[in-house]
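Asks: The following block contains the structure, expressed as structure tokens.
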Amino acid sequence: MNKNNNTVIFLMGPTCCGKTDLAMKIYNKINAEIISVDSSLVYKNMNIGTAKPNKYELEKFPHKLVDIIYPNEGYSVANFYYDALREIKLCFLKKKVPLLVGGTMLYYKILLNGLINLPEKNKYLINRIFDYIKNNSSTNLYKKLFKIDFKSANNINKNDIYRLSRALEVYYTTGKKKVVF
């Protein structure tokens, strides 16, 4: 294998299909660094229900982007994007192969396609939207989004208040519909 060709390996699939075990088996064989592509593994102390490698495995086969923040802290797709790009670049500097392992397909999609240029979060508007949800239902929020941007609404579960509110926030902030990818 030519280690100077800046190859990045994606090892993806559903939870508990053997991705981590396979990554640990090939870790030394290809001079790799494992970078987690899992939206749950970034959180410290979230060890149950996440299929997180145990302490021994993490010591023997270090995983980047595991246990980096607490659950009460925010971590977005954009955070992952920039963190992953930084780790990939560090691998290249060390002449190692970035081995991206996990099942969060949106993270892979963002790495392949880049980020969509969206406005910064508008806390005032977010609070108004969540006040609306308190007095109404997520179904009403969904109906409101459907009237404004049916393409986004069709791609969001009517109970996913976070994605619904972000789509509305983008619309109310920019006057533009959220780009669906």
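Each chain of the structure tokens is named A, B, ... in the order shown, its residues numbered from 1; ligands are numbered from 1 in display order.
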Quick one: residues within 8 Å of segment 71-76 of chain A, only C-alpha atoms, excluding same-chain residues fewer than 4 positions away - as a PyMOL selection string?
Replies: chain A and resi 43-44+46+80
Asks: For the selection you just gave me, I'd like the residues written to a file as a short mmCIF file (atom, residue, chain, number, x, y, z; two decimals), in the first residue's frame, keeping all heavy atoms.
Replies:
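So result-v7.cif came out as:
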```cif
data_model
loop_
_atom_site.label_atom_id
_atom_site.label_comp_id
_atom_site.auth_asym_id
_atom_site.auth_seq_id
_atom_site.Cartn_x
_atom_site.Cartn_y
_atom_site.Cartn_z
N TYR A 43 -19.75 11.16 23.23
CA TYR A 43 -20.14 11.54 24.58
C TYR A 43 -19.46 10.70 25.66
O TYR A 43 -19.48 9.47 25.62
CB TYR A 43 -21.66 11.43 24.74
CG TYR A 43 -22.39 12.39 23.84
CD1 TYR A 43 -23.10 11.94 22.74
CD2 TYR A 43 -22.33 13.76 24.07
CE1 TYR A 43 -23.75 12.83 21.90
CE2 TYR A 43 -22.98 14.66 23.23
CZ TYR A 43 -23.68 14.19 22.16
OH TYR A 43 -24.32 15.07 21.33
N LYS A 44 -18.88 11.39 26.63
CA LYS A 44 -18.28 10.74 27.79
C LYS A 44 -19.38 10.10 28.62
O LYS A 44 -20.49 10.61 28.71
CB LYS A 44 -17.54 11.78 28.65
CG LYS A 44 -16.37 12.43 27.95
CD LYS A 44 -15.74 13.49 28.81
CE LYS A 44 -14.62 14.17 28.03
NZ LYS A 44 -13.97 15.21 28.83
N MET A 46 -21.28 7.70 28.14
CA MET A 46 -22.41 7.04 27.45
C MET A 46 -21.90 5.69 26.93
O MET A 46 -21.53 5.56 25.77
CB MET A 46 -22.94 7.90 26.30
CG MET A 46 -23.95 8.90 26.76
SD MET A 46 -24.77 9.79 25.43
CE MET A 46 -25.62 8.51 24.55
N PHE A 80 -18.56 17.67 14.03
CA PHE A 80 -17.95 16.42 13.57
C PHE A 80 -17.12 16.66 12.32
O PHE A 80 -15.99 16.17 12.20
CB PHE A 80 -18.99 15.33 13.30
CG PHE A 80 -18.38 14.16 12.58
CD1 PHE A 80 -17.63 13.23 13.28
CD2 PHE A 80 -18.48 14.03 11.21
CE1 PHE A 80 -17.01 12.19 12.61
CE2 PHE A 80 -17.86 13.00 10.53
CZ PHE A 80 -17.12 12.07 11.24
#
```
Asks: Could you pull the residues within 10 Å of Tyr107 of chain A, counting only C-alpha atoms, minus those fewer than 6 positions along the same chain, as a list of chain:residue names?
Replies: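 Near Tyr107 of chain A, the qualifying residues are A:Val37, A:Asp38, A:Ser39, A:Ser76, A:Val77, A:Ala78, A:Phe80, A:Tyr81, A:Ala84, A:Asn113, A:Gly114.
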Asks: So which one's closest to Asn6 of chain A, A:Leu99, A:Leu141, A:Leu41, A:Ala51? Using only C-alpha atoms, please.
Replies: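 The closest residue to Asn6 of chain A is A:Leu99.
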Asks: Which is closer to Leu145 of chain A than all the others in A:Leu100, A:Leu164, A:Leu58, A:Val8, using only C-alpha atoms?
Replies: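 For Leu145 of chain A, the nearest of the candidates is A:Leu164.
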Asks: Tell me, as a tab-separated table (two decimals) with all heavy atoms, in the first residue's frame, which residues lie within 12 Å of segment 85-96 of chain A, counting only C-alpha atoms; anything in the same chain fewer than 4 positions away does not count.
Replies:
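For reference, out-v8.tsv as written:
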```
chain	number	residue	atom	x	y	z
A	1	MET	N	0.85	-1.19	0.00
A	1	MET	CA	0.00	0.00	0.00
A	1	MET	C	0.88	1.25	0.00
A	1	MET	O	1.80	1.36	0.80
A	1	MET	CB	-0.90	-0.03	1.24
A	1	MET	CG	-1.69	1.23	1.44
A	1	MET	SD	-2.60	1.18	2.97
A	1	MET	CE	-4.22	1.04	2.33
A	2	ASN	N	0.59	2.17	-0.84
A	2	ASN	CA	1.32	3.43	-0.91
A	2	ASN	C	0.79	4.35	0.17
A	2	ASN	O	-0.32	4.86	0.08
A	2	ASN	CB	1.14	4.04	-2.29
A	2	ASN	CG	1.83	5.38	-2.41
A	2	ASN	OD1	2.43	5.88	-1.46
A	2	ASN	ND2	1.75	5.96	-3.59
A	3	LYS	N	1.57	4.61	1.20
A	3	LYS	CA	1.11	5.40	2.33
A	3	LYS	C	1.15	6.89	2.05
A	3	LYS	O	0.75	7.69	2.89
A	3	LYS	CB	1.92	5.06	3.57
A	3	LYS	CG	1.64	3.66	4.04
A	3	LYS	CD	2.39	3.34	5.29
A	3	LYS	CE	2.11	1.94	5.74
A	3	LYS	NZ	2.88	0.93	5.13
A	4	ASN	N	1.62	7.29	0.91
A	4	ASN	CA	1.68	8.71	0.58
A	4	ASN	C	0.55	9.16	-0.33
A	4	ASN	O	0.55	10.27	-0.81
A	4	ASN	CB	3.03	9.03	-0.09
A	4	ASN	CG	4.18	8.83	0.88
A	4	ASN	OD1	4.05	9.13	2.06
A	4	ASN	ND2	5.28	8.33	0.38
A	5	ASN	N	-0.43	8.30	-0.55
A	5	ASN	CA	-1.50	8.66	-1.49
A	5	ASN	C	-2.72	9.27	-0.82
A	5	ASN	O	-3.72	9.50	-1.46
A	5	ASN	CB	-1.91	7.45	-2.34
A	5	ASN	CG	-2.60	6.37	-1.54
A	5	ASN	OD1	-2.80	6.49	-0.34
A	5	ASN	ND2	-2.96	5.30	-2.22
A	6	ASN	N	-2.63	9.53	0.48
A	6	ASN	CA	-3.72	10.15	1.23
A	6	ASN	C	-5.04	9.40	1.10
A	6	ASN	O	-6.10	9.99	0.91
A	6	ASN	CB	-3.89	11.62	0.84
A	6	ASN	CG	-2.72	12.46	1.30
A	6	ASN	OD1	-1.87	11.99	2.04
A	6	ASN	ND2	-2.69	13.70	0.88
A	7	THR	N	-4.98	8.10	1.21
A	7	THR	CA	-6.16	7.25	1.20
A	7	THR	C	-6.88	7.37	2.53
A	7	THR	O	-6.26	7.39	3.59
A	7	THR	CB	-5.75	5.78	0.98
A	7	THR	OG1	-5.14	5.67	-0.30
A	7	THR	CG2	-6.95	4.85	1.04
A	8	VAL	N	-8.20	7.44	2.47
A	8	VAL	CA	-9.04	7.40	3.66
A	8	VAL	C	-9.96	6.20	3.50
A	8	VAL	O	-10.58	6.03	2.45
A	8	VAL	CB	-9.89	8.69	3.80
A	8	VAL	CG1	-10.82	8.60	4.99
A	8	VAL	CG2	-8.99	9.92	3.90
A	9	ILE	N	-10.05	5.37	4.54
A	9	ILE	CA	-10.89	4.19	4.48
A	9	ILE	C	-12.14	4.42	5.32
A	9	ILE	O	-12.05	4.83	6.48
A	9	ILE	CB	-10.13	2.94	4.98
A	9	ILE	CG1	-8.94	2.67	4.08
A	9	ILE	CG2	-11.07	1.73	5.05
A	9	ILE	CD1	-8.03	1.56	4.58
A	10	PHE	N	-13.31	4.16	4.72
A	10	PHE	CA	-14.59	4.22	5.43
A	10	PHE	C	-15.02	2.79	5.72
A	10	PHE	O	-15.20	2.00	4.81
A	10	PHE	CB	-15.67	4.87	4.56
A	10	PHE	CG	-15.57	6.36	4.40
A	10	PHE	CD1	-14.48	7.09	4.81
A	10	PHE	CD2	-16.62	7.04	3.80
A	10	PHE	CE1	-14.42	8.46	4.64
A	10	PHE	CE2	-16.58	8.41	3.63
A	10	PHE	CZ	-15.48	9.13	4.05
A	27	TYR	N	-5.85	-2.64	12.21
A	27	TYR	CA	-5.22	-1.44	12.75
A	27	TYR	C	-3.71	-1.38	12.48
A	27	TYR	O	-3.21	-0.44	11.89
A	27	TYR	CB	-5.52	-1.36	14.24
A	27	TYR	CG	-4.85	-0.25	15.00
A	27	TYR	CD1	-5.38	1.04	14.98
A	27	TYR	CD2	-3.72	-0.48	15.76
A	27	TYR	CE1	-4.80	2.06	15.70
A	27	TYR	CE2	-3.12	0.53	16.48
A	27	TYR	CZ	-3.66	1.80	16.44
A	27	TYR	OH	-3.07	2.82	17.15
A	28	ASN	N	-3.00	-2.41	12.90
A	28	ASN	CA	-1.54	-2.43	12.72
A	28	ASN	C	-1.12	-2.86	11.32
A	28	ASN	O	-0.06	-2.49	10.84
A	28	ASN	CB	-0.88	-3.35	13.75
A	28	ASN	CG	-0.96	-2.76	15.15
A	28	ASN	OD1	-0.79	-1.56	15.33
A	28	ASN	ND2	-1.25	-3.60	16.12
A	29	LYS	N	-1.96	-3.65	10.67
A	29	LYS	CA	-1.60	-4.17	9.35
A	29	LYS	C	-1.49	-3.07	8.30
A	29	LYS	O	-0.74	-3.21	7.34
A	29	LYS	CB	-2.61	-5.23	8.90
A	29	LYS	CG	-2.52	-6.48	9.74
A	29	LYS	CD	-3.49	-7.53	9.29
A	29	LYS	CE	-3.32	-8.72	10.23
A	29	LYS	NZ	-4.22	-9.78	9.95
A	30	ILE	N	-2.25	-2.00	8.47
A	30	ILE	CA	-2.20	-0.93	7.46
A	30	ILE	C	-1.66	0.38	8.05
A	30	ILE	O	-1.77	1.43	7.43
A	30	ILE	CB	-3.57	-0.70	6.80
A	30	ILE	CG1	-4.60	-0.20	7.83
A	30	ILE	CG2	-4.06	-1.93	6.08
A	30	ILE	CD1	-5.89	0.31	7.21
A	31	ASN	N	-1.10	0.32	9.27
A	31	ASN	CA	-0.57	1.52	9.91
A	31	ASN	C	-1.65	2.60	10.00
A	31	ASN	O	-1.50	3.71	9.50
A	31	ASN	CB	0.67	2.04	9.17
A	31	ASN	CG	1.39	3.12	9.95
A	31	ASN	OD1	1.40	3.12	11.18
A	31	ASN	ND2	1.98	4.06	9.22
A	32	ALA	N	-2.77	2.24	10.63
A	32	ALA	CA	-3.94	3.10	10.66
A	32	ALA	C	-4.10	3.84	11.97
A	32	ALA	O	-3.49	3.50	12.99
A	32	ALA	CB	-5.19	2.25	10.41
A	33	GLU	N	-4.93	4.86	11.92
A	33	GLU	CA	-5.47	5.51	13.11
A	33	GLU	C	-6.98	5.43	12.96
A	33	GLU	O	-7.53	5.73	11.89
A	33	GLU	CB	-5.03	6.97	13.20
A	33	GLU	CG	-3.57	7.11	13.52
A	33	GLU	CD	-3.28	8.20	14.54
A	33	GLU	OE1	-4.20	8.90	14.98
A	33	GLU	OE2	-2.10	8.35	14.86
A	34	ILE	N	-7.65	4.99	14.02
A	34	ILE	CA	-9.10	4.83	13.99
A	34	ILE	C	-9.76	6.15	14.38
A	34	ILE	O	-9.43	6.73	15.42
A	34	ILE	CB	-9.55	3.69	14.92
A	34	ILE	CG1	-8.93	2.36	14.47
A	34	ILE	CG2	-11.07	3.60	14.96
A	34	ILE	CD1	-9.16	1.20	15.44
A	35	ILE	N	-10.67	6.58	13.55
A	35	ILE	CA	-11.46	7.79	13.81
A	35	ILE	C	-12.92	7.37	13.87
A	35	ILE	O	-13.46	6.81	12.90
A	35	ILE	CB	-11.24	8.85	12.71
A	35	ILE	CG1	-9.76	9.22	12.61
A	35	ILE	CG2	-12.11	10.08	12.97
A	35	ILE	CD1	-9.41	10.09	11.40
A	36	SER	N	-13.55	7.60	15.00
A	36	SER	CA	-14.95	7.21	15.18
A	36	SER	C	-15.88	8.09	14.35
A	36	SER	O	-15.75	9.31	14.31
A	36	SER	CB	-15.33	7.31	16.65
A	36	SER	OG	-16.71	7.06	16.81
A	37	VAL	N	-16.82	7.42	13.71
A	37	VAL	CA	-17.87	8.11	12.95
A	37	VAL	C	-19.21	7.66	13.55
A	37	VAL	O	-20.02	7.02	12.91
A	37	VAL	CB	-17.78	7.77	11.44
A	37	VAL	CG1	-18.81	8.58	10.65
A	37	VAL	CG2	-16.38	8.03	10.91
A	63	HIS	N	-9.07	5.34	19.62
A	63	HIS	CA	-10.09	5.84	18.69
A	63	HIS	C	-10.17	7.35	18.87
A	63	HIS	O	-10.41	7.84	19.97
A	63	HIS	CB	-11.46	5.26	19.03
A	63	HIS	CG	-11.65	3.84	18.67
A	63	HIS	ND1	-10.81	2.82	19.07
A	63	HIS	CD2	-12.64	3.24	17.96
A	63	HIS	CE1	-11.27	1.67	18.61
A	63	HIS	NE2	-12.37	1.89	17.93
A	64	LYS	N	-10.01	8.09	17.80
A	64	LYS	CA	-10.20	9.53	17.84
A	64	LYS	C	-11.70	9.83	17.83
A	64	LYS	O	-12.50	9.06	17.29
A	64	LYS	CB	-9.54	10.21	16.63
A	64	LYS	CG	-8.08	9.87	16.44
A	64	LYS	CD	-7.25	10.35	17.59
A	64	LYS	CE	-5.78	10.07	17.31
A	64	LYS	NZ	-4.93	10.44	18.40
A	65	LEU	N	-12.08	10.93	18.43
A	65	LEU	CA	-13.46	11.41	18.50
A	65	LEU	C	-14.37	10.52	19.35
A	65	LEU	O	-15.58	10.44	19.12
A	65	LEU	CB	-14.06	11.64	17.10
A	65	LEU	CG	-13.26	12.54	16.17
A	65	LEU	CD1	-14.00	12.77	14.86
A	65	LEU	CD2	-12.90	13.86	16.82
A	78	ALA	N	-21.63	19.81	11.99
A	78	ALA	CA	-20.51	20.70	11.64
A	78	ALA	C	-19.32	20.46	12.57
A	78	ALA	O	-18.17	20.44	12.11
A	78	ALA	CB	-20.95	22.16	11.69
A	79	ASN	N	-19.59	20.27	13.87
A	79	ASN	CA	-18.50	19.96	14.81
A	79	ASN	C	-17.77	18.70	14.36
A	79	ASN	O	-16.54	18.65	14.33
A	79	ASN	CB	-19.02	19.75	16.24
A	79	ASN	CG	-19.57	20.98	16.89
A	79	ASN	OD1	-20.67	20.94	17.43
A	79	ASN	ND2	-18.83	22.07	16.85
A	80	PHE	N	-18.56	17.67	14.03
A	80	PHE	CA	-17.95	16.42	13.57
A	80	PHE	C	-17.12	16.66	12.32
A	80	PHE	O	-15.99	16.17	12.20
A	80	PHE	CB	-18.99	15.33	13.30
A	80	PHE	CG	-18.38	14.16	12.58
A	80	PHE	CD1	-17.63	13.23	13.28
A	80	PHE	CD2	-18.48	14.03	11.21
A	80	PHE	CE1	-17.01	12.19	12.61
A	80	PHE	CE2	-17.86	13.00	10.53
A	80	PHE	CZ	-17.12	12.07	11.24
A	81	TYR	N	-17.68	17.35	11.37
A	81	TYR	CA	-17.00	17.60	10.09
A	81	TYR	C	-15.61	18.19	10.31
A	81	TYR	O	-14.61	17.68	9.79
A	81	TYR	CB	-17.87	18.53	9.25
A	81	TYR	CG	-17.29	18.92	7.92
A	81	TYR	CD1	-17.29	18.03	6.85
A	81	TYR	CD2	-16.75	20.18	7.71
A	81	TYR	CE1	-16.77	18.39	5.61
A	81	TYR	CE2	-16.24	20.56	6.49
A	81	TYR	CZ	-16.25	19.65	5.43
A	81	TYR	OH	-15.73	20.01	4.21
A	100	LEU	N	-11.87	5.41	9.19
A	100	LEU	CA	-13.09	5.96	9.76
A	100	LEU	C	-14.09	4.83	9.98
A	100	LEU	O	-14.46	4.14	9.03
A	100	LEU	CB	-13.67	7.05	8.86
A	100	LEU	CG	-12.94	8.38	8.98
A	100	LEU	CD1	-11.64	8.38	8.23
A	100	LEU	CD2	-13.81	9.52	8.57
A	107	TYR	N	-22.81	11.53	8.93
A	107	TYR	CA	-21.43	12.00	9.08
A	107	TYR	C	-20.61	11.64	7.84
A	107	TYR	O	-19.83	12.45	7.36
A	107	TYR	CB	-20.79	11.40	10.33
A	107	TYR	CG	-21.22	12.01	11.65
A	107	TYR	CD1	-22.19	13.01	11.73
A	107	TYR	CD2	-20.64	11.58	12.83
A	107	TYR	CE1	-22.54	13.55	12.94
A	107	TYR	CE2	-20.98	12.12	14.05
A	107	TYR	CZ	-21.94	13.11	14.11
A	107	TYR	OH	-22.29	13.65	15.31
A	108	TYR	N	-20.77	10.44	7.34
A	108	TYR	CA	-20.05	10.05	6.12
A	108	TYR	C	-20.48	10.94	4.95
A	108	TYR	O	-19.66	11.38	4.15
A	108	TYR	CB	-20.31	8.59	5.76
A	108	TYR	CG	-19.62	7.60	6.66
A	108	TYR	CD1	-20.34	6.83	7.57
A	108	TYR	CD2	-18.24	7.42	6.60
A	108	TYR	CE1	-19.71	5.91	8.38
A	108	TYR	CE2	-17.59	6.51	7.42
A	108	TYR	CZ	-18.34	5.75	8.31
A	108	TYR	OH	-17.71	4.85	9.11
A	110	ILE	N	-21.63	13.95	4.97
A	110	ILE	CA	-21.06	15.29	5.11
A	110	ILE	C	-19.59	15.29	4.72
A	110	ILE	O	-19.10	16.22	4.08
A	110	ILE	CB	-21.26	15.79	6.56
A	110	ILE	CG1	-22.73	16.10	6.82
A	110	ILE	CG2	-20.38	17.00	6.87
A	110	ILE	CD1	-23.32	17.18	5.95
A	111	LEU	N	-18.85	14.25	5.10
A	111	LEU	CA	-17.44	14.18	4.73
A	111	LEU	C	-17.27	14.09	3.21
A	111	LEU	O	-16.34	14.67	2.65
A	111	LEU	CB	-16.75	12.99	5.40
A	111	LEU	CG	-16.47	13.17	6.88
A	111	LEU	CD1	-15.96	11.86	7.48
A	111	LEU	CD2	-15.49	14.29	7.13
A	112	LEU	N	-18.16	13.38	2.57
A	112	LEU	CA	-18.07	13.24	1.12
A	112	LEU	C	-18.56	14.47	0.36
A	112	LEU	O	-17.99	14.84	-0.66
A	112	LEU	CB	-18.88	12.02	0.66
A	112	LEU	CG	-18.29	10.66	1.03
A	112	LEU	CD1	-19.29	9.55	0.74
A	112	LEU	CD2	-16.98	10.41	0.30
A	114	GLY	N	-19.43	17.67	1.88
A	114	GLY	CA	-19.20	18.98	2.50
A	114	GLY	C	-20.43	19.48	3.22
A	114	GLY	O	-21.51	18.90	3.13
A	115	LEU	N	-20.25	20.56	3.92
A	115	LEU	CA	-21.33	21.16	4.69
A	115	LEU	C	-22.20	22.06	3.81
A	115	LEU	O	-21.70	22.67	2.88
A	115	LEU	CB	-20.76	22.02	5.82
A	115	LEU	CG	-20.14	21.28	7.00
A	115	LEU	CD1	-19.48	22.28	7.93
A	115	LEU	CD2	-21.16	20.47	7.74
```
Asks: Could you tell me how far atom CA of Gly13 of chain A lies from atom CA of Tyr70 of chain A, in Å and to one decimal?
Replies: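 Interatomic distance here is 25.0 Å.
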Asks: Give one line per residue of segment 31-140 of chain A that approaches segment 154-163 of chain A to at most 9 Å, naming the two atoms of the closest pair and their distance in Å to one decimal, counting only C-alpha atoms; sort by chain then ascending residue number and deliver it as CSV.
Replies:
```
residue,atom,partner,partner_atom,distance
A:Phe130,CA,A:Ile161,CA,8.6
A:Ile133,CA,A:Ile161,CA,8.3
A:Ser137,CA,A:Asn159,CA,9.0
A:Ser138,CA,A:Asn159,CA,5.7
A:Thr139,CA,A:Lys158,CA,5.9
A:Asn140,CA,A:Lys158,CA,8.9
```
Asks: Write the residues you've just listed into a file as a PDB file, in the first residue's frame, and include C-alpha atoms for each of them.
Replies:
```pdb
ATOM      1  CA  PHE A 130     -39.923  25.912  21.356  1.00  0.00           C
ATOM      2  CA  ILE A 133     -44.202  23.686  20.654  1.00  0.00           C
ATOM      3  CA  SER A 137     -47.780  20.035  19.300  1.00  0.00           C
ATOM      4  CA  SER A 138     -44.973  18.795  17.107  1.00  0.00           C
ATOM      5  CA  THR A 139     -47.681  17.852  14.609  1.00  0.00           C
ATOM      6  CA  ASN A 140     -48.671  21.525  14.337  1.00  0.00           C
TER       7      ASN A 140
END
```
Asks: Could you tell me how far atom CA of Gly102 of chain A lies from atom CA of Ile116 of chain A, in Å and to one decimal?
Replies: 21.9 Å
Asks: From a backbone DSSP assignment, name each residue in chain A labelled helix (DSSP H, G or I), as a ChimeraX atom specification.
Replies: /A:19-26,55-60,77-93,105-113,123-135,138-148,150-154,161-174
Asks: To one decimal place, how far is atom CA of Thr15 of chain A from atom CA of Ser152 of chain A in Å?
Replies: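 So the answer is 26.9 Å.
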Asks: Fewer than 6 positions away in the same chain doesn't count, so skip those; otherwise give me all residues within 10 Å of Lys176 of chain A, counting only C-alpha atoms, as a PyMOL selection string.
Replies: chain A and resi 148-149+167-168+170
Asks: Any chance you can output those residues with N, CA and C atoms as a compact mmCIF listing (two decimals), in the first residue's frame?
Replies:
```txt
# COMPACT_ATOMS: atom_id res chain seq x y z
N ILE A 148 -44.66 25.72 4.40
CA ILE A 148 -43.55 26.60 3.97
C ILE A 148 -42.58 25.86 3.06
N ASP A 149 -42.22 24.63 3.45
CA ASP A 149 -41.16 23.90 2.77
C ASP A 149 -41.48 22.41 2.79
N ALA A 167 -35.27 23.60 10.57
CA ALA A 167 -35.74 23.94 9.22
C ALA A 167 -36.55 25.23 9.24
N LEU A 168 -37.42 25.39 10.24
CA LEU A 168 -38.20 26.63 10.36
C LEU A 168 -37.29 27.81 10.70
N VAL A 170 -34.17 28.21 9.89
CA VAL A 170 -33.45 28.60 8.67
C VAL A 170 -34.37 29.43 7.78
```
Asks: Tell me, which residues of segment 30-155 of chain A carry DSSP strand (DSSP E or B), written as a ChimeraX atom specification?
Replies: /A:32-36,43,63-64,69,97-102
Asks: Go through A:Gly18, A:Lys177, A:Met24, A:Tyr171 one by one, measure the shortest atom-to-atom distance of each to Lys60 of chain A using only C-alpha atoms, and give the residue with the smallest value.
Replies: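 With only C-alpha atoms as the atom set, the closest residue is A:Met24.
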Asks: Of the candidates A:Tyr142, A:Tyr82, A:Gly103, A:Val97, which one gets nearest to Thr20 of chain A if we count only C-alpha atoms?
Replies: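 Smallest separation from Thr20 of chain A among the options: A:Gly103.
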